[in-house]
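Trainee: Input query_20.cif, format and content: mmCIF, C-alpha atoms and all ligand atoms.
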data_run
loop_
_atom_site.label_atom_id
_atom_site.label_comp_id
_atom_site.auth_asym_id
_atom_site.auth_seq_id
_atom_site.Cartn_x
_atom_site.Cartn_y
_atom_site.Cartn_z
CA MET A 1 -12.67 13.78 9.89
CA TYR A 2 -12.96 10.06 9.18
CA GLN A 3 -12.71 7.49 11.95
CA VAL A 4 -10.41 4.58 11.16
CA LEU A 5 -10.05 1.60 13.49
CA PHE A 6 -6.86 -0.42 13.88
CA LYS A 7 -6.92 -3.83 15.55
CA ARG A 8 -3.60 -5.15 16.76
CA LEU A 9 -3.30 -8.83 15.94
CA ALA A 10 -2.31 -11.33 18.62
CA GLY A 11 1.38 -11.62 19.26
CA ASN A 12 2.16 -8.15 17.93
CA GLU A 13 1.84 -6.13 21.13
CA ASP A 14 5.41 -4.92 20.65
CA VAL A 15 4.90 -3.75 17.07
CA ASN A 16 3.73 -0.17 16.60
CA LEU A 17 0.39 0.48 14.95
CA PRO A 18 0.57 2.75 11.88
CA GLN A 19 1.73 6.17 12.92
CA LYS A 20 2.50 9.56 11.44
CA MET A 21 6.05 10.70 12.01
CA SER A 22 5.20 14.40 11.75
CA GLU A 23 2.04 16.40 12.32
CA LEU A 24 1.22 16.96 8.65
CA ALA A 25 2.66 13.78 7.19
CA ALA A 26 0.31 12.35 4.57
CA GLY A 27 1.24 8.76 5.31
CA PHE A 28 1.06 6.54 8.37
CA ASP A 29 4.21 4.45 8.53
CA LEU A 30 3.71 0.68 8.62
CA HIS A 31 5.92 -1.57 10.72
CA ALA A 32 7.17 -5.04 9.94
CA ALA A 33 5.56 -7.73 12.12
CA VAL A 34 8.09 -10.41 11.15
CA GLN A 35 9.20 -12.82 13.89
CA GLU A 36 12.77 -13.12 12.65
CA PRO A 37 14.66 -10.90 10.22
CA VAL A 38 13.55 -11.58 6.66
CA ILE A 39 16.21 -11.37 3.98
CA LEU A 40 15.25 -10.01 0.58
CA ALA A 41 17.82 -11.04 -2.00
CA PRO A 42 18.29 -8.80 -5.05
CA GLY A 43 15.24 -9.23 -7.29
CA GLU A 44 13.31 -11.12 -4.61
CA ARG A 45 9.80 -10.22 -3.41
CA LYS A 46 8.15 -11.13 -0.11
CA LEU A 47 4.85 -10.40 1.60
CA ILE A 48 5.59 -8.77 4.94
CA PRO A 49 2.85 -8.77 7.63
CA ALA A 50 2.12 -5.45 9.33
CA GLY A 51 0.58 -6.95 12.49
CA PHE A 52 -2.83 -5.29 12.37
CA ALA A 53 -6.23 -5.31 10.67
CA MET A 54 -8.40 -2.27 10.12
CA ALA A 55 -11.83 -0.84 9.42
CA MET A 56 -12.57 2.45 7.73
CA PRO A 57 -15.66 4.22 6.40
CA GLY A 58 -16.96 2.82 3.11
CA GLU A 59 -16.00 5.90 1.10
CA LEU A 60 -12.29 5.44 1.88
CA GLU A 61 -9.50 3.26 0.56
CA ALA A 62 -5.97 3.06 1.93
CA GLN A 63 -2.97 3.04 -0.36
CA ILE A 64 0.24 1.26 0.61
CA ARG A 65 3.15 3.19 -0.81
CA PRO A 66 6.93 2.82 -0.63
CA ARG A 67 9.11 4.89 1.67
CA SER A 68 11.48 7.01 -0.39
CA GLY A 69 14.43 6.49 1.96
CA LEU A 70 14.31 2.70 1.64
CA ALA A 71 13.87 3.00 -2.11
CA TYR A 72 16.72 5.48 -2.56
CA LYS A 73 19.22 3.89 -0.18
CA HIS A 74 18.47 0.19 -0.71
CA GLY A 75 16.20 -0.24 -3.74
CA ILE A 76 13.41 -1.57 -1.51
CA THR A 77 9.96 -0.70 -2.83
CA CYS A 78 6.38 -1.98 -2.98
CA LEU A 79 5.88 -4.23 -5.99
CA ASN A 80 2.14 -3.52 -6.35
CA SER A 81 2.47 0.16 -5.73
CA PRO A 82 0.22 1.59 -4.57
CA GLY A 83 -1.30 -1.43 -2.85
CA THR A 84 -5.04 -1.08 -2.30
CA ILE A 85 -6.71 -1.77 1.04
CA ASP A 86 -10.45 -2.05 0.50
CA ALA A 87 -12.81 -0.68 3.14
CA ASP A 88 -14.36 -4.12 3.63
CA TYR A 89 -11.05 -5.97 4.11
CA ARG A 90 -10.66 -7.35 7.63
CA GLY A 91 -7.56 -9.49 7.14
CA GLU A 92 -4.06 -8.57 8.21
CA VAL A 93 -2.59 -5.69 6.25
CA LYS A 94 0.51 -6.89 4.40
CA VAL A 95 3.17 -5.17 2.36
CA LEU A 96 4.55 -6.71 -0.83
CA LEU A 97 8.17 -5.61 -0.86
CA VAL A 98 10.66 -6.19 -3.65
CA ASN A 99 14.39 -5.63 -3.61
CA LEU A 100 15.42 -3.77 -6.75
CA GLY A 101 18.85 -3.07 -5.28
CA GLN A 102 22.15 -4.89 -5.76
CA GLU A 103 22.56 -6.15 -2.18
CA PRO A 104 20.51 -8.44 0.10
CA PHE A 105 18.39 -6.43 2.54
CA ALA A 106 17.18 -7.57 5.97
CA ILE A 107 13.70 -6.59 7.18
CA THR A 108 13.70 -6.58 10.95
CA ARG A 109 10.81 -6.67 13.42
CA GLY A 110 9.31 -3.23 14.02
CA GLU A 111 11.12 -1.60 11.12
CA ARG A 112 9.17 0.98 9.12
CA ILE A 113 8.71 -0.64 5.71
CA ALA A 114 6.05 1.40 3.88
CA GLN A 115 3.43 4.06 4.43
CA MET A 116 -0.35 4.12 4.20
CA VAL A 117 -2.23 7.07 2.72
CA PHE A 118 -6.01 7.35 2.91
CA GLN A 119 -8.04 8.44 -0.10
CA VAL A 120 -11.69 9.14 -0.73
CA VAL A 121 -13.09 6.91 -3.44
CA PRO A 122 -15.82 8.73 -5.37
CA ALA A 123 -19.15 6.96 -5.55
CA VAL A 124 -19.88 6.04 -9.17
CA SER A 125 -22.72 4.34 -10.95
CA ILE A 126 -22.01 2.53 -14.17
CA ALA A 127 -24.06 1.96 -17.33
CA GLU A 128 -23.37 0.22 -20.62
CA CYS A 129 -23.87 2.21 -23.84
CA ASP A 130 -23.44 1.79 -27.62
CA GLU A 131 -21.81 5.18 -28.31
CA LEU A 132 -19.52 7.23 -26.07
CA PRO A 133 -19.69 11.05 -26.06
CA ASP A 134 -17.25 12.59 -28.60
CA THR A 135 -14.08 14.40 -27.47
CA VAL A 136 -11.32 16.30 -29.32
CA ARG A 137 -8.78 13.67 -28.26
CA GLY A 138 -10.90 10.83 -29.47
CA GLU A 139 -8.93 7.57 -29.41
CA GLY A 140 -5.50 9.27 -29.35
CA GLY A 141 -3.22 8.14 -26.57
CA PHE A 142 0.10 6.52 -25.73
CA GLY A 143 2.11 9.54 -26.89
CA HIS A 144 0.00 10.61 -29.90
CA THR A 145 0.84 14.28 -29.13
CA GLY A 146 4.58 13.55 -29.41
CA VAL A 147 7.21 12.72 -26.86
O1 LIG A 201 -0.56 -4.25 -0.66
C1 LIG A 201 -1.62 -4.81 -0.31
C2 LIG A 201 -2.69 -5.04 -1.20
C3 LIG A 201 -3.82 -5.67 -0.75
N1 LIG A 201 -3.93 -6.08 0.55
C4 LIG A 201 -5.15 -6.70 1.03
C5 LIG A 201 -6.22 -5.64 1.28
C6 LIG A 201 -7.06 -5.68 0.07
O2 LIG A 201 -8.38 -5.25 0.35
C7 LIG A 201 -6.97 -7.14 -0.31
C8 LIG A 201 -7.18 -7.41 -1.76
O3 LIG A 201 -6.29 -6.64 -2.50
P1 LIG A 201 -6.44 -6.48 -4.09
O4 LIG A 201 -7.84 -6.12 -4.42
O5 LIG A 201 -5.33 -5.63 -4.56
O6 LIG A 201 -6.11 -7.97 -4.53
P2 LIG A 201 -6.69 -8.95 -5.58
O7 LIG A 201 -5.53 -9.60 -6.20
O8 LIG A 201 -7.68 -8.29 -6.49
O9 LIG A 201 -7.35 -9.99 -4.61
P3 LIG A 201 -8.85 -10.21 -4.11
O10 LIG A 201 -9.41 -11.15 -5.12
O11 LIG A 201 -8.69 -10.83 -2.77
O12 LIG A 201 -9.55 -8.88 -4.07
O13 LIG A 201 -5.67 -7.57 0.04
C9 LIG A 201 -2.89 -5.85 1.44
O14 LIG A 201 -2.95 -6.19 2.62
N2 LIG A 201 -1.77 -5.23 0.99
#
In C-alpha cells, write the structure found in this file.
Ligand SMILES: O=c1ccn([C@H]2C[C@H](O)[C@@H](COP(=O)(O)OP(=O)(O)OP(=O)(O)O)O2)c(=O)[nH]1
Mentor:
Amino acid sequence: MYQVLFKRLAGNEDVNLPQKMSELAAGFDLHAAVQEPVILAPGERKLIPAGFAMAMPGELEAQIRPRSGLAYKHGITCLNSPGTIDADYRGEVKVLLVNLGQEPFAITRGERIAQMVFQVVPAVSIAECDELPDTVRGEGGFGHTGV
C-alpha cells in the first residue's frame, strides 16, 4: 500500500478532495475548484484547477484521465490525456479540459471533471550504445504487418 498525501489549497474547503466513487474504482474523481462556472465553447480548451496539491512516493506517477460519461454525453475530455503528475510536483493539480462536442459546456464548482489513476513507474537506468540488439521486427512499424 502506498501512502499519498493530499493538501487542500486555501479557499477550497468546500471542494472535495479526490475520492473513489466505489470500493474498487481504479480512479479517484477530481473536482473542479473554479470560483464561478467556466464555459467551454465547442473546440475550446481551459485549465481547470482541482483545489489541491499532493505528494506521493517516488516510484509512483498519477495519470489524469477523462471521465467516460462527460466524454460520451458532452464531448468533454482531457486534451493531454493522460496528464502526468510527477511525484516531485507540489503545485496545484489542474485538468486540461477540451470541448469536442457541439454545444457550450459549463464547468461548475465541485463538479467531477476527471479521474486520477496511480501507476508504478519502473526504475530504469539508461546508457548510450552504437548498436541495438537485433529483433525479428527490426525497424518495421506503423502498420508494416498490414491493417
Ligand atoms: O494534466 C496535468 C499535467 C501536468 N500537471 C502538472 C503536474 C506535472 O508534474 C507538471 C508538469 O507536467 P508535464 O511534465 O506534463 O509538463 P511539461 O509541459 O513537460 O512541463 P514541465 O516543464 O513543467 O515539466 O504539471 C497537472 O497538474 N495536470
Trainee: Could you please determine the separation between atom CA of Thr108 of chain A and atom O5 of ligand LIG 201 (chain A) in Å, to one decimal place?
Mentor: 24.6 Å
Trainee: At what distance in Å, to one decimal, does atom CA of Gly27 of chain A lie from atom CA of Ile76 of chain A?
Mentor: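 Here the two named atoms are 17.4 Å from each other.
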Trainee: Could you give me, as a PyMOL selection string, every polymer residue with an atom at most 10 Å away from an atom of ligand LIG 201 (chain A), counting all atoms listed in the file?
Mentor: chain A and resi 47-50+52-54+61-65+78-97+114+116
Trainee: Name the residues within 10 Å of (18.2, 0.5, 2.5), counting only C-alpha atoms in the file's coordinates, and put them as a list in words.
Mentor: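 Those residues lying close to the given coordinates are Ser68, Gly69, Leu70, Ala71, Tyr72, Lys73, His74, Gly75, Ile76, Thr77, Asn99, Gly101, Glu103, Pro104, Phe105, Ala106 and Ile107 of chain A.
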Trainee: Tell me, as a PyMOL selection string, which residues lie within 8 Å of Pro18 of chain A, counting all atoms listed in the file; anything in the same chain fewer than 2 positions away does not count.
Mentor: chain A and resi 16+20+28-31+116
Trainee: One number please: atom CA of Val4 of chain A to atom CA of Ala123 of chain A, in Å, one decimal.
Mentor: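 These atoms are spaced 19.0 Å apart.
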Trainee: So for segment 15-25 of chain A, what box centre and size do we get, axis-aligned, 6 Å extra on each of the six sides, every listed atom, Å to one decimal, as AutoDock Vina command-line options?
Mentor:
--center_x 3.2 --center_y 6.6 --center_z 12.1 --size_x 17.7 --size_y 32.7 --size_z 21.9
Trainee: Counting only C-alpha atoms, which residue out of A:Val136, A:Leu5, A:Val120, A:Val98 sits closest to Glu44 of chain A?
Mentor: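 Looking at the shortest contact to Glu44 of chain A, the residue is A:Val98.
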Trainee: Under the rule that only C-alpha atoms are counted, which of A:Glu139, A:Pro57, A:Tyr2, A:Val117 is the nearest residue to Gln19 of chain A?
Mentor: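 Among the listed residues, the smallest separation from Gln19 of chain A belongs to A:Val117.
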Trainee: A:Val38, A:Leu24, A:Leu9, A:Leu132: which is nearest Gly51 of chain A, counting all atoms listed in the file?
Mentor: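 The closest residue to Gly51 of chain A is A:Leu9.
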Trainee: Which of these, A:Leu40, A:Val121, A:Val147, A:Ala33, has the shortest distance to Gly58 of chain A once you count all atoms listed in the file?
Mentor: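 Nearest to Gly58 of chain A: A:Val121.
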Trainee: Measuring between all atoms listed in the file, which one of A:Asp134, A:Leu60, A:Gly11, A:Ala25 shows the shortest distance to Phe118 of chain A?
Mentor: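 That would be A:Leu60, the residue with the smallest distance to Phe118 of chain A.
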